[in-house]
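For reference, target.cif (mmCIF, C-alpha atoms and all ligand atoms):
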```
data_data
#
loop_
_atom_site.label_atom_id
_atom_site.label_comp_id
_atom_site.auth_asym_id
_atom_site.auth_seq_id
_atom_site.Cartn_x
_atom_site.Cartn_y
_atom_site.Cartn_z
CA ASN A 147 -13.56 11.92 -5.61
CA PRO A 148 -11.44 9.53 -3.57
CA VAL A 149 -12.29 5.87 -4.08
CA ILE A 150 -10.95 5.19 -0.58
CA ALA A 151 -11.11 7.72 2.26
CA LEU A 152 -10.23 7.38 5.93
CA GLU A 153 -11.13 10.14 8.39
CA ASN A 154 -9.47 9.92 11.79
CA VAL A 155 -9.49 6.13 11.75
CA THR A 156 -8.31 4.51 14.97
CA LYS A 157 -8.05 0.77 15.50
CA ILE A 158 -7.45 -0.57 18.97
CA TYR A 159 -6.97 -4.26 19.72
CA SER A 160 -8.03 -4.98 23.28
CA LEU A 161 -5.89 -7.68 24.82
CA PRO A 162 -6.33 -9.15 28.32
CA THR A 163 -3.32 -7.23 29.63
CA ASP A 164 -3.40 -4.01 27.60
CA ASP A 165 -4.70 -2.24 24.52
CA VAL A 166 -2.69 -2.03 21.29
CA ILE A 167 -3.27 1.09 19.20
CA ALA A 168 -2.64 -0.38 15.75
CA LEU A 169 -3.90 2.69 13.86
CA ASP A 170 -3.79 6.06 15.55
CA ASN A 171 -6.09 8.69 14.06
CA VAL A 172 -5.22 8.01 10.42
CA SER A 173 -6.66 10.21 7.66
CA LEU A 174 -5.96 9.32 4.06
CA GLU A 175 -7.44 9.70 0.59
CA ILE A 176 -6.72 7.42 -2.34
CA PHE A 177 -8.04 8.43 -5.74
CA GLU A 178 -9.35 6.31 -8.58
CA GLY A 179 -6.52 4.97 -10.73
CA GLU A 180 -3.79 5.49 -8.12
CA PHE A 181 -1.16 2.86 -7.31
CA VAL A 182 -0.12 3.34 -3.68
CA ALA A 183 2.52 1.49 -1.69
CA ILE A 184 2.07 1.23 2.07
CA MET A 185 5.45 0.87 3.77
CA GLY A 186 6.98 0.96 7.23
CA PRO A 187 8.51 -1.36 9.80
CA SER A 188 6.92 -4.54 11.08
CA GLY A 189 4.15 -3.77 13.57
CA SER A 190 3.56 -0.25 12.23
CA GLY A 191 -0.07 -0.93 11.26
CA LYS A 192 0.16 -1.73 7.53
CA SER A 193 -1.87 -4.96 7.62
CA THR A 194 -4.37 -3.41 9.98
CA LEU A 195 -4.85 -0.58 7.49
CA LEU A 196 -5.36 -3.03 4.64
CA ASN A 197 -7.89 -5.00 6.71
CA GLN A 198 -9.91 -1.85 7.38
CA VAL A 199 -9.83 -0.76 3.74
CA GLY A 200 -10.80 -4.29 2.71
CA CYS A 201 -13.74 -4.19 5.14
CA LEU A 202 -12.46 -7.37 6.77
CA ASP A 203 -12.50 -5.57 10.10
CA VAL A 204 -14.13 -2.39 11.42
CA PRO A 205 -12.40 0.68 12.86
CA THR A 206 -12.73 1.33 16.59
CA SER A 207 -13.49 4.95 15.70
CA GLY A 208 -13.41 7.27 12.71
CA ASN A 209 -14.96 7.02 9.26
CA LEU A 210 -14.13 4.86 6.27
CA TYR A 211 -15.59 5.49 2.83
CA ILE A 212 -15.23 3.00 -0.02
CA ASP A 213 -16.37 4.28 -3.40
CA GLY A 214 -18.28 7.03 -1.61
CA LYS A 215 -20.10 4.68 0.80
CA ASP A 216 -19.72 5.11 4.54
CA VAL A 217 -19.09 1.49 5.52
CA LYS A 218 -20.53 2.11 9.01
CA THR A 219 -23.98 2.57 7.46
CA LEU A 220 -23.93 -0.79 5.65
CA ASN A 221 -25.52 -3.95 7.02
CA ASP A 222 -23.77 -7.34 6.76
CA ASP A 223 -25.27 -8.20 3.36
CA GLU A 224 -24.37 -4.81 1.92
CA LEU A 225 -20.84 -5.14 3.29
CA THR A 226 -20.49 -8.58 1.69
CA ASP A 227 -21.67 -7.15 -1.64
CA LEU A 228 -19.23 -4.26 -1.37
CA ARG A 229 -16.28 -6.57 -0.60
CA ARG A 230 -17.21 -8.89 -3.44
CA ASP A 231 -17.98 -6.32 -6.14
CA LYS A 232 -15.53 -3.52 -5.42
CA ILE A 233 -12.43 -5.18 -3.97
CA GLY A 234 -10.01 -7.88 -5.13
CA TYR A 235 -7.56 -9.35 -2.61
CA ILE A 236 -4.06 -10.61 -3.39
CA PHE A 237 -1.99 -12.16 -0.60
CA GLN A 238 1.64 -13.10 -0.03
CA LYS A 239 0.71 -16.77 0.38
CA PHE A 240 -1.63 -16.85 -2.63
CA ASN A 241 -4.40 -18.49 -0.53
CA LEU A 242 -5.64 -20.77 -3.30
CA ILE A 243 -7.94 -23.64 -2.30
CA PRO A 244 -5.75 -26.79 -2.51
CA LEU A 245 -8.54 -29.24 -3.42
CA LEU A 246 -9.88 -27.17 -6.32
CA ASP A 247 -8.17 -27.03 -9.70
CA LEU A 248 -6.92 -23.69 -11.02
CA LYS A 249 -10.00 -22.96 -13.09
CA GLU A 250 -12.26 -23.80 -10.13
CA ASN A 251 -10.21 -21.52 -7.87
CA VAL A 252 -10.90 -18.59 -10.21
CA GLU A 253 -14.53 -19.64 -10.69
CA TYR A 254 -15.19 -19.93 -6.95
CA PRO A 255 -16.14 -16.27 -6.25
CA LEU A 256 -18.61 -16.46 -9.15
CA ILE A 257 -20.20 -19.58 -7.69
CA LEU A 258 -20.58 -17.82 -4.32
CA LYS A 259 -22.20 -14.87 -6.06
CA ASN A 260 -24.46 -16.61 -8.61
CA LYS A 261 -25.07 -19.90 -6.72
CA LYS A 262 -24.24 -21.84 -9.88
CA ARG A 263 -21.28 -22.92 -11.98
CA ASP A 264 -19.91 -20.43 -14.47
CA ASP A 265 -21.11 -20.99 -18.03
CA THR A 266 -19.42 -18.00 -19.65
CA GLY A 267 -15.83 -19.27 -19.85
CA TYR A 268 -14.65 -16.11 -18.11
CA PRO A 269 -12.40 -17.88 -15.55
CA GLN A 270 -10.46 -19.58 -18.38
CA LYS A 271 -10.20 -16.28 -20.23
CA LEU A 272 -8.75 -14.61 -17.13
CA LEU A 273 -6.28 -17.46 -16.62
CA GLU A 274 -5.08 -17.03 -20.19
CA MET A 275 -4.85 -13.27 -19.66
CA VAL A 276 -2.54 -13.69 -16.66
CA GLY A 277 -0.37 -15.97 -18.75
CA LEU A 278 -1.32 -19.39 -17.44
CA ASP A 279 -0.78 -22.03 -20.07
CA SER A 280 -4.14 -23.63 -20.97
CA THR A 281 -2.82 -27.16 -20.36
CA ARG A 282 -2.54 -26.14 -16.67
CA MET A 283 -6.18 -25.13 -16.06
CA PHE A 284 -7.09 -28.44 -14.45
CA HIS A 285 -4.00 -28.78 -12.30
CA ARG A 286 -4.11 -28.19 -8.58
CA PRO A 287 -2.24 -25.33 -6.89
CA ASN A 288 0.49 -27.65 -5.53
CA GLU A 289 1.38 -28.70 -9.08
CA ILE A 290 2.50 -25.26 -10.21
CA SER A 291 5.20 -22.80 -9.17
CA GLY A 292 4.72 -19.89 -6.76
CA GLY A 293 4.78 -17.42 -9.63
CA GLN A 294 2.06 -19.33 -11.41
CA GLN A 295 0.01 -19.57 -8.19
CA GLN A 296 0.18 -15.80 -7.82
CA ARG A 297 -1.02 -15.43 -11.43
CA VAL A 298 -4.00 -17.63 -10.60
CA ALA A 299 -4.65 -15.59 -7.44
CA ILE A 300 -4.63 -12.40 -9.54
CA ALA A 301 -7.11 -13.97 -11.98
CA ARG A 302 -9.34 -14.90 -9.03
CA ALA A 303 -9.10 -11.35 -7.65
CA LEU A 304 -10.28 -9.99 -11.01
CA VAL A 305 -13.23 -12.30 -11.59
CA ASN A 306 -15.85 -9.91 -10.17
CA SER A 307 -14.24 -6.91 -11.97
CA PRO A 308 -13.37 -4.94 -8.82
CA LYS A 309 -12.19 -1.34 -9.14
CA ILE A 310 -9.85 -1.73 -6.15
CA LEU A 311 -7.05 -4.30 -5.74
CA LEU A 312 -5.56 -4.76 -2.26
CA CYS A 313 -2.21 -6.53 -2.25
CA ASP A 314 -0.45 -7.69 0.91
CA GLU A 315 3.22 -8.38 0.10
CA PRO A 316 2.30 -9.78 -3.34
CA THR A 317 5.93 -10.70 -4.11
CA GLY A 318 6.88 -11.78 -0.59
CA ASN A 319 7.14 -15.47 -1.50
CA LEU A 320 8.61 -15.04 -4.99
CA ASP A 321 12.11 -14.86 -6.44
CA SER A 322 13.21 -11.56 -7.97
CA LYS A 323 12.63 -12.53 -11.62
CA THR A 324 9.12 -13.79 -10.89
CA SER A 325 8.46 -10.72 -8.74
CA VAL A 326 9.17 -8.46 -11.72
CA GLN A 327 6.67 -10.42 -13.85
CA ILE A 328 3.96 -10.18 -11.19
CA MET A 329 4.61 -6.47 -10.60
CA GLU A 330 4.47 -5.73 -14.32
CA MET A 331 1.11 -7.45 -14.40
CA LEU A 332 -0.17 -5.34 -11.48
CA ALA A 333 1.20 -2.19 -13.17
CA GLU A 334 -0.72 -3.09 -16.33
CA LEU A 335 -3.93 -3.68 -14.34
CA ASN A 336 -3.39 -0.23 -12.81
CA ARG A 337 -2.90 1.34 -16.25
CA GLN A 338 -6.25 -0.19 -17.21
CA GLY A 339 -7.77 1.91 -14.43
CA ARG A 340 -7.80 -0.22 -11.31
CA THR A 341 -6.83 1.43 -8.05
CA ILE A 342 -4.11 -0.54 -6.26
CA VAL A 343 -3.14 -0.39 -2.60
CA MET A 344 -0.15 -2.58 -1.86
CA VAL A 345 1.65 -3.31 1.40
CA THR A 346 5.31 -4.07 0.83
CA HIS A 347 8.68 -4.07 2.61
CA ASP A 348 10.53 -4.23 -0.64
CA ASP A 349 11.90 -1.15 -2.43
CA ASP A 350 12.01 -2.83 -5.84
CA THR A 351 8.34 -3.77 -5.48
CA ALA A 352 7.39 -0.29 -4.21
CA LYS A 353 8.96 1.30 -7.32
CA TYR A 354 5.89 0.29 -9.31
CA ALA A 355 3.68 2.51 -7.15
CA HIS A 356 3.12 6.23 -7.83
CA ARG A 357 2.99 7.18 -4.18
CA ARG A 358 4.44 5.73 -1.01
CA ILE A 359 2.78 6.16 2.35
CA ILE A 360 5.08 5.37 5.26
CA PHE A 361 3.69 4.17 8.58
CA ALA A 362 5.33 4.07 12.00
CA ASP A 363 3.56 3.25 15.27
CA GLY A 364 0.14 3.33 13.63
CA ARG A 365 0.59 6.80 12.11
CA ILE A 366 1.48 8.17 8.72
CA VAL A 367 4.98 9.58 8.97
CA GLY A 368 5.77 10.15 5.32
P1 LIG B 1 2.33 -4.46 10.15
O1 LIG B 1 1.41 -4.99 9.13
O2 LIG B 1 2.89 -3.09 9.82
O3 LIG B 1 3.41 -5.41 10.54
P2 LIG B 1 0.09 -4.82 11.94
O4 LIG B 1 -1.02 -4.02 11.39
O5 LIG B 1 0.08 -6.28 11.71
O6 LIG B 1 1.47 -4.19 11.49
O7 LIG B 1 0.16 -4.61 13.51
C1 LIG B 1 0.05 -3.32 14.16
C2 LIG B 1 0.01 -3.53 15.68
O8 LIG B 1 -1.21 -4.18 16.03
C3 LIG B 1 1.13 -4.43 16.19
O9 LIG B 1 1.50 -3.97 17.47
C4 LIG B 1 0.46 -5.78 16.29
O10 LIG B 1 1.07 -6.58 17.25
C5 LIG B 1 -0.97 -5.41 16.66
N1 LIG B 1 -1.96 -6.38 16.16
C6 LIG B 1 -2.21 -6.68 14.86
N2 LIG B 1 -3.22 -7.57 14.76
C7 LIG B 1 -3.62 -7.84 16.02
C8 LIG B 1 -4.63 -8.67 16.59
N3 LIG B 1 -5.45 -9.40 15.83
N4 LIG B 1 -4.75 -8.70 17.94
C9 LIG B 1 -3.95 -7.94 18.72
N5 LIG B 1 -2.97 -7.13 18.26
C10 LIG B 1 -2.81 -7.07 16.92
P1 LIG B 2 7.77 -19.49 -12.70
O1 LIG B 2 8.85 -18.78 -13.44
O2 LIG B 2 6.38 -19.25 -13.21
O3 LIG B 2 7.86 -19.34 -11.20
P2 LIG B 2 9.29 -21.93 -12.52
O4 LIG B 2 10.48 -21.55 -13.32
O5 LIG B 2 9.37 -21.95 -11.04
O6 LIG B 2 8.02 -21.05 -13.00
O7 LIG B 2 8.75 -23.36 -12.99
C1 LIG B 2 9.08 -23.90 -14.25
C2 LIG B 2 8.11 -25.01 -14.58
O8 LIG B 2 8.12 -26.03 -13.55
C3 LIG B 2 6.68 -24.53 -14.67
O9 LIG B 2 6.07 -25.06 -15.84
C4 LIG B 2 6.02 -25.06 -13.43
O10 LIG B 2 4.66 -25.38 -13.68
C5 LIG B 2 6.81 -26.29 -13.08
N1 LIG B 2 6.81 -26.44 -11.63
C6 LIG B 2 7.31 -25.58 -10.72
N2 LIG B 2 7.13 -26.00 -9.46
C7 LIG B 2 6.48 -27.19 -9.56
C8 LIG B 2 5.99 -28.15 -8.61
N3 LIG B 2 6.12 -27.98 -7.28
N4 LIG B 2 5.34 -29.24 -9.09
C9 LIG B 2 5.19 -29.41 -10.41
N5 LIG B 2 5.62 -28.56 -11.36
C10 LIG B 2 6.27 -27.45 -10.95
#
```
Translate this structure into structure tokens?
Amino acid sequence: NPVIALENVTKIYSLPTDDVIALDNVSLEIFEGEFVAIMGPSGSGKSTLLNQVGCLDVPTSGNLYIDGKDVKTLNDDELTDLRRDKIGYIFQKFNLIPLLDLKENVEYPLILKNKKRDDTGYPQKLLEMVGLDSTRMFHRPNEISGGQQQRVAIARALVNSPKILLCDEPTGNLDSKTSVQIMEMLAELNRQGRTIVMVTHDDDTAKYAHRRIIFADGRIVG
């Protein structure tokens, strides 16, 4: 069964002057354990697709199924649970919280979920797993390099053990050597069974995926 399925998904942004068809009748299935790269020129609908799949936004029409659930049938609480438990998000700009230290950044989704501080040591374990030196746990994001910030962001994305990782240009702010390290880490997480959907412009980054889906003008063209 597909872990992500879109059936005739259309997304229209209504602007004061006109309507923008960002996704035009897109159908797509992504299976458990796949690593998919979403490619295509700027403005072709890649981010819009990722936002729909991540349940950050709802389609104008069509059906979206995440792990077999029709997201249209879920209420707000159920949608929040689905986003939190099934999906990890990794962004180009890392999106760490500047005032929290690195351990607290990773712990934060657990605090939102359990309404209390973590007492299992799991955030530290994840930070070690992504290769962050333990002397760095209590530093703030602005005290570490971009590559290290992306490692922390990956640890945060993993803290609720999601089966899906959504990555929007995960190497977009990194040099090529650091990009290789981050991509090898994502490839390993995929080998461990996580499904990865990654938007990228970059051929070297896309090489880590098993399948490329090319968008143009809101449609799949390849
Ligand atoms: P990509 O990620 O491939 O660059 P996007 O999904 O960001 O493409 O954009 C697809 C189209 O939708 C573009 O024409 C873009 O201008 C438009 N668009 C994206 N987000 C919005 C928004 N929030 N409001 C209005 N138009 C948008
Ligand atoms: P990476 O290969 O992980 O990107 P760098 O080679 O950029 O790491 O950084 C080397 C060392 O310098 C690291 O230990 C990192 O923590 C430190 N460092 C990098 N940027 C900063 C910064 N803005 N402030 C403090 N330390 C930094």
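Among A:Leu245, A:Ala303, A:Thr206, A:Gln327, the residue with the shortest atom-to-atom distance to Ile167 of chain A, counting only C-alpha atoms, is A:Thr206.
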Please report as a Markdown table every residue of chain A lying within 7 Å of ligand LIG 2 (chain B), along with the nearest atom pair and their distance in Å (one decimal), using all atoms listed in the file.
```
| residue | atom | partner | partner_atom | distance |
| --- | --- | --- | --- | --- |
| A:Asn288 | CA | B:LIG2 | N3 | 5.9 |
| A:Glu289 | CA | B:LIG2 | N4 | 4.0 |
| A:Ile290 | CA | B:LIG2 | O10 | 4.1 |
| A:Ser291 | CA | B:LIG2 | N2 | 3.7 |
| A:Gly292 | CA | B:LIG2 | O3 | 5.5 |
| A:Gly293 | CA | B:LIG2 | O3 | 4.0 |
| A:Gln294 | CA | B:LIG2 | O2 | 4.7 |
| A:Thr324 | CA | B:LIG2 | O1 | 5.6 |
```
Of the candidates A:Pro205, A:Ala168, A:Asp349, A:Ser173, which shows the shortest atom-to-atom distance to Ser188 of chain A, using only C-alpha atoms?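 Answer, going by the shortest atom-to-atom distance: A:Ala168.
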Using all atoms listed in the file, which residues of chain A come within 6 Å of ligand LIG 1 (chain B), and what is the closest atom pair for each, with the distance in Å to one decimal? Give it as a tab-separated table, sorted by chain and residue number.
```
residue	atom	partner	partner_atom	distance
A:Tyr159	CA	B:LIG1	C9	4.9
A:Val166	CA	B:LIG1	O8	5.9
A:Ala168	CA	B:LIG1	O8	4.1
A:Pro187	CA	B:LIG1	O2	5.9
A:Ser188	CA	B:LIG1	O3	3.7
A:Gly189	CA	B:LIG1	O6	3.4
A:Ser190	CA	B:LIG1	O2	3.8
A:Gly191	CA	B:LIG1	O4	3.2
A:Lys192	CA	B:LIG1	O2	3.8
A:Ser193	CA	B:LIG1	O1	3.6
A:Thr194	CA	B:LIG1	O4	3.7
```
Pick from A:Thr156, A:Asn306, A:Ser207, A:Thr163: nearest to Asp227 of chain A, with all atoms listed in the file counted? A:Asn306
Using only C-alpha atoms, which of the listed residues (A:Leu311, A:Leu320, A:Cys201, A:Val172) sits closest to Asp222 of chain A?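 Nearest to Asp222 of chain A: A:Cys201.
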Between A:Lys309, A:Thr266, A:Asn241, A:Lys271, single out the one closest to Leu228 of chain A, counting all atoms listed in the file.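 The shortest atom-to-atom distance to Leu228 of chain A comes from A:Lys309.
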